[in-house]
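Asker: Sharing target.pdb, PDB, C-alpha atoms, pLDDT in the B column:
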```
MODEL        1
ATOM      1  CA  MET R   1       0.000   0.000   0.000  1.00 62.00           C
ATOM      2  CA  ARG R   2       2.729   2.409   1.102  1.00 90.00           C
ATOM      3  CA  GLN R   3       4.646   1.690  -2.124  1.00 93.00           C
ATOM      4  CA  LEU R   4       1.658   2.641  -4.286  1.00 95.00           C
ATOM      5  CA  ASP R   5       1.171   5.813  -2.195  1.00 97.00           C
ATOM      6  CA  GLN R   6       4.752   6.842  -2.835  1.00 97.00           C
ATOM      7  CA  ALA R   7       4.695   5.915  -6.505  1.00 98.00           C
ATOM      8  CA  PHE R   8       1.477   7.843  -7.249  1.00 98.00           C
ATOM      9  CA  SER R   9       2.717  10.808  -5.230  1.00 98.00           C
ATOM     10  CA  ALA R  10       6.038  10.836  -7.127  1.00 98.00           C
ATOM     11  CA  LEU R  11       4.140  10.713 -10.432  1.00 98.00           C
ATOM     12  CA  ALA R  12       2.067  13.789  -9.514  1.00 97.00           C
ATOM     13  CA  ASP R  13       4.812  16.168 -10.674  1.00 97.00           C
ATOM     14  CA  PRO R  14       5.279  17.001 -14.386  1.00 96.00           C
ATOM     15  CA  THR R  15       9.088  17.291 -14.182  1.00 96.00           C
ATOM     16  CA  ARG R  16       9.351  13.925 -12.463  1.00 98.00           C
ATOM     17  CA  ARG R  17       7.116  12.388 -15.132  1.00 97.00           C
ATOM     18  CA  GLU R  18       9.332  13.889 -17.854  1.00 96.00           C
ATOM     19  CA  ILE R  19      12.432  12.490 -16.146  1.00 97.00           C
ATOM     20  CA  LEU R  20      10.801   9.048 -16.220  1.00 97.00           C
ATOM     21  CA  VAL R  21      10.015   9.386 -19.932  1.00 96.00           C
ATOM     22  CA  HIS R  22      13.647  10.372 -20.489  1.00 95.00           C
ATOM     23  CA  LEU R  23      14.936   7.358 -18.507  1.00 96.00           C
ATOM     24  CA  ALA R  24      12.528   5.042 -20.346  1.00 95.00           C
ATOM     25  CA  ARG R  25      14.741   5.720 -23.383  1.00 93.00           C
ATOM     26  CA  GLY R  26      17.777   4.492 -21.466  1.00 92.00           C
ATOM     27  CA  GLU R  27      20.181   5.079 -18.593  1.00 93.00           C
ATOM     28  CA  ALA R  28      21.245   8.681 -17.974  1.00 95.00           C
ATOM     29  CA  ASN R  29      23.672  10.424 -15.634  1.00 93.00           C
ATOM     30  CA  VAL R  30      22.503  13.138 -13.274  1.00 92.00           C
ATOM     31  CA  SER R  31      24.570  15.708 -15.209  1.00 91.00           C
ATOM     32  CA  ASP R  32      22.849  14.688 -18.505  1.00 92.00           C
ATOM     33  CA  ILE R  33      19.452  15.139 -16.874  1.00 94.00           C
ATOM     34  CA  VAL R  34      20.424  18.540 -15.438  1.00 94.00           C
ATOM     35  CA  ARG R  35      21.599  19.658 -18.878  1.00 93.00           C
ATOM     36  CA  ARG R  36      18.495  18.380 -20.579  1.00 92.00           C
ATOM     37  CA  PHE R  37      15.949  19.903 -18.234  1.00 91.00           C
ATOM     38  CA  ASP R  38      17.389  23.366 -17.799  1.00 85.00           C
ATOM     39  CA  LEU R  39      16.848  23.178 -14.040  1.00 93.00           C
ATOM     40  CA  THR R  40      19.408  23.539 -11.260  1.00 94.00           C
ATOM     41  CA  GLN R  41      21.298  20.498 -10.041  1.00 93.00           C
ATOM     42  CA  PRO R  42      19.691  20.646  -6.530  1.00 95.00           C
ATOM     43  CA  THR R  43      16.195  20.747  -8.072  1.00 96.00           C
ATOM     44  CA  ILE R  44      16.914  17.739 -10.281  1.00 96.00           C
ATOM     45  CA  SER R  45      18.581  15.931  -7.374  1.00 95.00           C
ATOM     46  CA  SER R  46      15.551  16.382  -5.153  1.00 97.00           C
ATOM     47  CA  HIS R  47      13.252  15.075  -7.925  1.00 97.00           C
ATOM     48  CA  LEU R  48      15.527  12.063  -8.401  1.00 97.00           C
ATOM     49  CA  LYS R  49      15.493  11.419  -4.659  1.00 97.00           C
ATOM     50  CA  VAL R  50      11.669  11.325  -4.670  1.00 97.00           C
ATOM     51  CA  LEU R  51      11.630   8.972  -7.681  1.00 98.00           C
ATOM     52  CA  GLU R  52      14.229   6.725  -6.026  1.00 97.00           C
ATOM     53  CA  SER R  53      12.359   6.589  -2.681  1.00 97.00           C
ATOM     54  CA  ALA R  54       9.238   5.633  -4.620  1.00 97.00           C
ATOM     55  CA  GLY R  55      11.181   2.787  -6.239  1.00 97.00           C
ATOM     56  CA  LEU R  56      10.545   4.165  -9.738  1.00 97.00           C
ATOM     57  CA  ILE R  57      14.244   4.675 -10.512  1.00 97.00           C
ATOM     58  CA  SER R  58      17.511   3.240  -9.257  1.00 96.00           C
ATOM     59  CA  ARG R  59      20.844   4.998  -9.039  1.00 93.00           C
ATOM     60  CA  ARG R  60      24.301   3.542  -8.700  1.00 89.00           C
ATOM     61  CA  ARG R  61      27.653   5.162  -8.064  1.00 84.00           C
ATOM     62  CA  GLU R  62      30.162   4.760 -10.863  1.00 81.00           C
ATOM     63  CA  ALA R  63      33.340   6.835 -10.467  1.00 78.00           C
ATOM     64  CA  GLN R  64      32.126  10.456 -10.473  1.00 78.00           C
ATOM     65  CA  LEU R  65      28.907   9.565 -12.293  1.00 82.00           C
ATOM     66  CA  ARG R  66      25.496   8.617 -10.905  1.00 85.00           C
ATOM     67  CA  PRO R  67      23.788   6.666 -13.665  1.00 94.00           C
ATOM     68  CA  CYS R  68      19.985   6.556 -13.212  1.00 96.00           C
ATOM     69  CA  ASN R  69      17.734   3.815 -14.499  1.00 96.00           C
ATOM     70  CA  LEU R  70      14.007   3.334 -14.724  1.00 96.00           C
ATOM     71  CA  VAL R  71      12.650   0.479 -12.571  1.00 96.00           C
ATOM     72  CA  PRO R  72       9.978  -0.947 -14.894  1.00 93.00           C
ATOM     73  CA  GLU R  73       8.620  -3.373 -12.267  1.00 94.00           C
ATOM     74  CA  ARG R  74       7.424  -0.534 -10.037  1.00 94.00           C
ATOM     75  CA  LEU R  75       5.868   1.285 -12.975  1.00 94.00           C
ATOM     76  CA  LYS R  76       4.113  -1.952 -13.863  1.00 94.00           C
ATOM     77  CA  ALA R  77       2.748  -2.340 -10.325  1.00 94.00           C
ATOM     78  CA  VAL R  78       1.111   1.088 -10.659  1.00 96.00           C
ATOM     79  CA  THR R  79      -0.316   0.248 -14.105  1.00 95.00           C
ATOM     80  CA  ASP R  80      -1.569  -3.115 -12.794  1.00 94.00           C
ATOM     81  CA  TRP R  81      -3.510  -1.421 -10.009  1.00 95.00           C
ATOM     82  CA  LEU R  82      -5.180   0.959 -12.482  1.00 96.00           C
ATOM     83  CA  GLU R  83      -5.988  -1.834 -14.924  1.00 94.00           C
ATOM     84  CA  GLN R  84      -7.549  -3.852 -12.130  1.00 94.00           C
ATOM     85  CA  VAL R  85      -9.916  -0.973 -11.314  1.00 95.00           C
ATOM     86  CA  GLN R  86     -10.767  -0.603 -15.009  1.00 93.00           C
ATOM     87  CA  ALA R  87     -11.436  -4.343 -15.239  1.00 93.00           C
ATOM     88  CA  ILE R  88     -13.820  -4.189 -12.273  1.00 93.00           C
ATOM     89  CA  TRP R  89     -15.595  -1.246 -13.887  1.00 92.00           C
ATOM     90  CA  GLU R  90     -15.832  -2.961 -17.268  1.00 90.00           C
ATOM     91  CA  GLY R  91     -17.049  -6.184 -15.637  1.00 88.00           C
ATOM     92  CA  ASN R  92     -19.744  -4.246 -13.856  1.00 80.00           C
ATOM     93  CA  TYR R  93     -20.624  -2.395 -17.055  1.00 76.00           C
ATOM     94  CA  LYS R  94     -20.913  -5.646 -18.996  1.00 81.00           C
ATOM     95  CA  ARG R  95     -23.125  -7.146 -16.300  1.00 79.00           C
ATOM     96  CA  LEU R  96     -25.368  -4.078 -16.469  1.00 76.00           C
ATOM     97  CA  ASP R  97     -25.426  -4.346 -20.240  1.00 79.00           C
ATOM     98  CA  ALA R  98     -26.367  -8.023 -20.081  1.00 82.00           C
ATOM     99  CA  LEU R  99     -29.084  -7.233 -17.562  1.00 80.00           C
ATOM    100  CA  LEU R 100     -30.530  -4.533 -19.824  1.00 81.00           C
ATOM    101  CA  THR R 101     -30.549  -6.918 -22.807  1.00 86.00           C
ATOM    102  CA  GLU R 102     -32.300  -9.519 -20.670  1.00 86.00           C
ATOM    103  CA  LEU R 103     -34.911  -7.008 -19.513  1.00 84.00           C
ATOM    104  CA  LYS R 104     -35.542  -5.873 -23.091  1.00 86.00           C
ATOM    105  CA  GLN R 105     -36.017  -9.450 -24.249  1.00 85.00           C
ATOM    106  CA  ALA R 106     -38.377 -10.161 -21.366  1.00 85.00           C
ATOM    107  CA  GLU R 107     -40.371  -7.080 -22.325  1.00 83.00           C
ATOM    108  CA  LYS R 108     -40.561  -8.215 -25.964  1.00 84.00           C
ATOM    109  CA  LYS R 109     -41.832 -11.648 -24.910  1.00 83.00           C
ATOM    110  CA  GLU R 110     -44.383 -10.021 -22.643  1.00 81.00           C
ATOM    111  CA  ARG R 111     -45.662  -7.869 -25.535  1.00 82.00           C
ATOM    112  CA  LYS R 112     -45.991 -10.892 -27.817  1.00 79.00           C
ATOM    113  CA  LYS R 113     -48.297 -12.623 -25.343  1.00 73.00           C
TER     114      LYS R 113
ATOM    115  CA  MET G   1      -0.510  18.187 -17.641  1.00 62.00           C
ATOM    116  CA  ARG G   2      -2.360  19.714 -14.693  1.00 90.00           C
ATOM    117  CA  GLN G   3      -5.052  17.035 -14.977  1.00 93.00           C
ATOM    118  CA  LEU G   4      -2.485  14.253 -14.709  1.00 95.00           C
ATOM    119  CA  ASP G   5      -0.896  16.013 -11.697  1.00 97.00           C
ATOM    120  CA  GLN G   6      -4.228  16.117  -9.919  1.00 97.00           C
ATOM    121  CA  ALA G   7      -5.168  12.557 -10.855  1.00 98.00           C
ATOM    122  CA  PHE G   8      -1.859  11.064  -9.673  1.00 98.00           C
ATOM    123  CA  SER G   9      -1.982  13.139  -6.496  1.00 98.00           C
ATOM    124  CA  ALA G  10      -5.548  11.992  -5.757  1.00 98.00           C
ATOM    125  CA  LEU G  11      -4.484   8.368  -6.288  1.00 98.00           C
ATOM    126  CA  ALA G  12      -1.656   8.674  -3.737  1.00 97.00           C
ATOM    127  CA  ASP G  13      -4.018   8.016  -0.826  1.00 97.00           C
ATOM    128  CA  PRO G  14      -5.096   4.448   0.078  1.00 96.00           C
ATOM    129  CA  THR G  15      -8.622   5.439   1.199  1.00 96.00           C
ATOM    130  CA  ARG G  16      -9.202   7.342  -2.044  1.00 97.00           C
ATOM    131  CA  ARG G  17      -7.984   4.325  -4.026  1.00 97.00           C
ATOM    132  CA  GLU G  18     -10.364   2.067  -2.079  1.00 96.00           C
ATOM    133  CA  ILE G  19     -13.236   4.454  -2.781  1.00 97.00           C
ATOM    134  CA  LEU G  20     -12.426   4.204  -6.499  1.00 97.00           C
ATOM    135  CA  VAL G  21     -12.408   0.394  -6.341  1.00 96.00           C
ATOM    136  CA  HIS G  22     -15.785   0.575  -4.584  1.00 95.00           C
ATOM    137  CA  LEU G  23     -17.214   2.917  -7.247  1.00 96.00           C
ATOM    138  CA  ALA G  24     -15.811   0.739 -10.031  1.00 95.00           C
ATOM    139  CA  ARG G  25     -18.431  -1.796  -8.901  1.00 93.00           C
ATOM    140  CA  GLY G  26     -21.168   0.764  -9.450  1.00 92.00           C
ATOM    141  CA  GLU G  27     -22.722   4.045  -8.352  1.00 93.00           C
ATOM    142  CA  ALA G  28     -22.828   4.706  -4.601  1.00 95.00           C
ATOM    143  CA  ASN G  29     -24.278   7.412  -2.367  1.00 93.00           C
ATOM    144  CA  VAL G  30     -22.088   9.346   0.032  1.00 92.00           C
ATOM    145  CA  SER G  31     -23.918   7.758   2.984  1.00 91.00           C
ATOM    146  CA  ASP G  32     -23.211   4.233   1.607  1.00 92.00           C
ATOM    147  CA  ILE G  33     -19.529   5.099   1.329  1.00 94.00           C
ATOM    148  CA  VAL G  34     -19.430   6.532   4.862  1.00 94.00           C
ATOM    149  CA  ARG G  35     -21.043   3.351   6.207  1.00 93.00           C
ATOM    150  CA  ARG G  36     -18.729   1.117   4.258  1.00 92.00           C
ATOM    151  CA  PHE G  37     -15.470   2.792   5.211  1.00 91.00           C
ATOM    152  CA  ASP G  38     -16.025   3.358   8.905  1.00 85.00           C
ATOM    153  CA  LEU G  39     -14.740   6.923   8.625  1.00 93.00           C
ATOM    154  CA  THR G  40     -16.494  10.163   9.543  1.00 94.00           C
ATOM    155  CA  GLN G  41     -18.674  11.895   6.988  1.00 93.00           C
ATOM    156  CA  PRO G  42     -16.351  14.977   6.789  1.00 95.00           C
ATOM    157  CA  THR G  43     -13.334  12.736   6.113  1.00 96.00           C
ATOM    158  CA  ILE G  44     -15.134  10.874   3.343  1.00 96.00           C
ATOM    159  CA  SER G  45     -16.475  14.158   1.935  1.00 95.00           C
ATOM    160  CA  SER G  46     -13.011  15.663   1.714  1.00 97.00           C
ATOM    161  CA  HIS G  47     -11.701  12.523  -0.046  1.00 97.00           C
ATOM    162  CA  LEU G  48     -14.605  12.681  -2.507  1.00 97.00           C
ATOM    163  CA  LYS G  49     -13.893  16.365  -3.131  1.00 97.00           C
ATOM    164  CA  VAL G  50     -10.276  15.551  -4.053  1.00 97.00           C
ATOM    165  CA  LEU G  51     -11.392  12.722  -6.363  1.00 98.00           C
ATOM    166  CA  GLU G  52     -13.977  14.991  -7.985  1.00 97.00           C
ATOM    167  CA  SER G  53     -11.497  17.876  -8.521  1.00 97.00           C
ATOM    168  CA  ALA G  54      -9.144  15.370 -10.130  1.00 97.00           C
ATOM    169  CA  GLY G  55     -11.954  14.344 -12.489  1.00 97.00           C
ATOM    170  CA  LEU G  56     -11.808  10.724 -11.285  1.00 97.00           C
ATOM    171  CA  ILE G  57     -15.393  10.717 -10.001  1.00 97.00           C
ATOM    172  CA  SER G  58     -18.533  12.703 -10.694  1.00 96.00           C
ATOM    173  CA  ARG G  59     -21.312  13.536  -8.250  1.00 93.00           C
ATOM    174  CA  ARG G  60     -24.825  14.650  -8.943  1.00 89.00           C
ATOM    175  CA  ARG G  61     -27.560  15.887  -6.637  1.00 84.00           C
ATOM    176  CA  GLU G  62     -30.643  13.709  -6.480  1.00 81.00           C
ATOM    177  CA  ALA G  63     -33.146  14.651  -3.747  1.00 78.00           C
ATOM    178  CA  GLN G  64     -31.221  14.221  -0.473  1.00 79.00           C
ATOM    179  CA  LEU G  65     -28.735  11.815  -2.050  1.00 82.00           C
ATOM    180  CA  ARG G  66     -25.404  12.505  -3.715  1.00 85.00           C
ATOM    181  CA  PRO G  67     -24.763   9.548  -6.012  1.00 94.00           C
ATOM    182  CA  CYS G  68     -21.067   9.204  -6.926  1.00 96.00           C
ATOM    183  CA  ASN G  69     -19.773   7.610 -10.098  1.00 96.00           C
ATOM    184  CA  LEU G  70     -16.370   6.624 -11.371  1.00 96.00           C
ATOM    185  CA  VAL G  71     -15.207   8.578 -14.445  1.00 96.00           C
ATOM    186  CA  PRO G  72     -13.464   5.819 -16.422  1.00 93.00           C
ATOM    187  CA  GLU G  73     -12.100   8.218 -19.083  1.00 94.00           C
ATOM    188  CA  ARG G  74      -9.882  10.007 -16.577  1.00 94.00           C
ATOM    189  CA  LEU G  75      -8.657   6.714 -15.136  1.00 94.00           C
ATOM    190  CA  LYS G  76      -7.859   5.626 -18.687  1.00 94.00           C
ATOM    191  CA  ALA G  77      -5.880   8.826 -19.347  1.00 94.00           C
ATOM    192  CA  VAL G  78      -3.673   7.990 -16.363  1.00 96.00           C
ATOM    193  CA  THR G  79      -3.224   4.377 -17.482  1.00 95.00           C
ATOM    194  CA  ASP G  80      -2.460   5.545 -21.031  1.00 94.00           C
ATOM    195  CA  TRP G  81       0.357   7.769 -19.802  1.00 95.00           C
ATOM    196  CA  LEU G  82       1.908   4.897 -17.833  1.00 96.00           C
ATOM    197  CA  GLU G  83       1.559   2.474 -20.740  1.00 94.00           C
ATOM    198  CA  GLN G  84       3.226   4.967 -23.053  1.00 94.00           C
ATOM    199  CA  VAL G  85       6.271   5.128 -20.757  1.00 95.00           C
ATOM    200  CA  GLN G  86       6.355   1.326 -20.576  1.00 93.00           C
ATOM    201  CA  ALA G  87       6.169   1.135 -24.385  1.00 93.00           C
ATOM    202  CA  ILE G  88       9.119   3.529 -24.731  1.00 93.00           C
ATOM    203  CA  TRP G  89      11.084   1.438 -22.233  1.00 92.00           C
ATOM    204  CA  GLU G  90      10.223  -1.838 -23.980  1.00 90.00           C
ATOM    205  CA  GLY G  91      11.089  -0.369 -27.377  1.00 88.00           C
ATOM    206  CA  ASN G  92      14.445   0.714 -26.062  1.00 80.00           C
ATOM    207  CA  TYR G  93      14.982  -2.668 -24.434  1.00 77.00           C
ATOM    208  CA  LYS G  94      14.187  -4.485 -27.675  1.00 81.00           C
ATOM    209  CA  ARG G  95      16.586  -2.258 -29.604  1.00 79.00           C
ATOM    210  CA  LEU G  96      19.331  -3.059 -27.073  1.00 76.00           C
ATOM    211  CA  ASP G  97      18.496  -6.739 -27.337  1.00 79.00           C
ATOM    212  CA  ALA G  98      18.700  -6.630 -31.135  1.00 83.00           C
ATOM    213  CA  LEU G  99      22.013  -4.798 -30.906  1.00 80.00           C
ATOM    214  CA  LEU G 100      23.439  -7.439 -28.558  1.00 82.00           C
ATOM    215  CA  THR G 101      22.330 -10.251 -30.888  1.00 86.00           C
ATOM    216  CA  GLU G 102      23.968  -8.444 -33.799  1.00 86.00           C
ATOM    217  CA  LEU G 103      27.202  -7.999 -31.868  1.00 84.00           C
ATOM    218  CA  LYS G 104      27.251 -11.672 -30.875  1.00 86.00           C
ATOM    219  CA  GLN G 105      26.732 -12.779 -34.484  1.00 85.00           C
ATOM    220  CA  ALA G 106      29.490 -10.446 -35.656  1.00 85.00           C
ATOM    221  CA  GLU G 107      31.770 -11.949 -33.020  1.00 84.00           C
ATOM    222  CA  LYS G 108      30.941 -15.497 -34.176  1.00 84.00           C
ATOM    223  CA  LYS G 109      31.711 -14.612 -37.789  1.00 83.00           C
ATOM    224  CA  GLU G 110      34.967 -13.034 -36.700  1.00 81.00           C
ATOM    225  CA  ARG G 111      35.965 -16.236 -34.881  1.00 82.00           C
ATOM    226  CA  LYS G 112      35.184 -18.432 -37.901  1.00 79.00           C
ATOM    227  CA  LYS G 113      37.605 -16.482 -40.065  1.00 73.00           C
TER     228      LYS G 113
ENDMDL
END
```
Could you show the structure in this file as structure tokens?
Answerer:
Amino acid sequence: MRQLDQAFSALADPTRREILVHLARGEANVSDIVRRFDLTQPTISSHLKVLESAGLISRRREAQLRPCNLVPERLKAVTDWLEQVQAIWEGNYKRLDALLTELKQAEKKERKK
Amino acid sequence: MRQLDQAFSALADPTRREILVHLARGEANVSDIVRRFDLTQPTISSHLKVLESAGLISRRREAQLRPCNLVPERLKAVTDWLEQVQAIWEGNYKRLDALLTELKQAEKKERKK
């Protein structure tokens, strides 16, 4: 539960979402991201910290660099939750639809009598 | 952009997510939701307000009742964004995979010489 809270909260910021889109294309160093986004290093660093705490990205230390990677499993967990809600809704919708068809047919039969 | 911010932010709370799951099963009145969740009416009302501002649910006035409904289109917009990021990641992954296969084949050829 806590993990979904953190993931959704991290995704609620447009810069953080853009960083994720950028990392979906492949690993990037913090300095690349700073250059790309035209934001200060501390701003980018704090966004990366939020994304890392939420488990949406991972960072490793490599000499002076800090390569960042997307963690697709966490992104998938978020998508799975949303798809589950949609499936419940669609299931319910289909049941309603079936019920309406049934009622209409019953009405037709009734009229024929 | 703003709509996605609000939707993700609204989804970052476990009670609000549970309310959405509940509404995915069908329309519910505020009083039903209060009864179901064992929370005070003001707490539930403030959660519903957040969900409504985010466009994830709609409420109408019907006599004394306030029936709430899930807005599947907004939920789908959120899922679409996530799936798009996953597609970029998978595309990139496949390209890397193809590149590795190519490199391995080139290496094999080299050895045969």
Asker: Between CA of Glu18 (chain R) and CA of Leu51 (chain R), measure the distance and give it in Å to one decimal.
Answerer: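 Pair CA of Glu18 (chain R) / CA of Leu51 (chain R) returns 11.5 Å.
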Asker: Taking 4 positions as the minimum chain separation for residues in the same chain, which residues sit within 8 Å of Leu48 (chain G) when counting all atoms listed in the file? Answer as number ranges by chain.
Answerer: G: 16, 44, 52, 57
Asker: Taking the file as I've supplied it (selection: the PyMOL selection byres ((chain R and resi 58) around 10)), which residues are included? Please answer as a PDB file with C-alpha atoms, in the frame of the given file.
Answerer:
```
ATOM      1  CA  GLU R  27      20.181   5.079 -18.593  1.00 93.00           C
ATOM      2  CA  LEU R  48      15.527  12.063  -8.401  1.00 97.00           C
ATOM      3  CA  LYS R  49      15.493  11.419  -4.659  1.00 97.00           C
ATOM      4  CA  LEU R  51      11.630   8.972  -7.681  1.00 98.00           C
ATOM      5  CA  GLU R  52      14.229   6.725  -6.026  1.00 97.00           C
ATOM      6  CA  SER R  53      12.359   6.589  -2.681  1.00 97.00           C
ATOM      7  CA  ALA R  54       9.238   5.633  -4.620  1.00 97.00           C
ATOM      8  CA  GLY R  55      11.181   2.787  -6.239  1.00 97.00           C
ATOM      9  CA  LEU R  56      10.545   4.165  -9.738  1.00 97.00           C
ATOM     10  CA  ILE R  57      14.244   4.675 -10.512  1.00 97.00           C
ATOM     11  CA  ARG R  59      20.844   4.998  -9.039  1.00 93.00           C
ATOM     12  CA  ARG R  60      24.301   3.542  -8.700  1.00 89.00           C
ATOM     13  CA  ARG R  66      25.496   8.617 -10.905  1.00 85.00           C
ATOM     14  CA  PRO R  67      23.788   6.666 -13.665  1.00 94.00           C
ATOM     15  CA  CYS R  68      19.985   6.556 -13.212  1.00 96.00           C
ATOM     16  CA  ASN R  69      17.734   3.815 -14.499  1.00 96.00           C
ATOM     17  CA  LEU R  70      14.007   3.334 -14.724  1.00 96.00           C
ATOM     18  CA  VAL R  71      12.650   0.479 -12.571  1.00 96.00           C
TER      19      VAL R  71
END
```
Asker: Using all atoms listed in the file, give me every residue within 12 Å of (3.0, 7.7, -24.2) in file coordinates, as a ChimeraX atom specification.
Answerer: /R:17-18,20-22,24-25 /G:77-91
Asker: So the first atom is CA of Ser46 (chain G) and the second is CA of Asp5 (chain R); what is the distance between them in Å, to one decimal place?
Answerer: 17.7 Å
Asker: When distances are computed from only C-alpha atoms, which of R:Thr15, R:Gln41, R:Gln3, R:Asn92 shows the smallest separation from chain G?
Answerer: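 Checking each of R:Thr15, R:Gln41, R:Gln3, R:Asn92 against chain G, counting only C-alpha atoms, the winner is R:Asn92.
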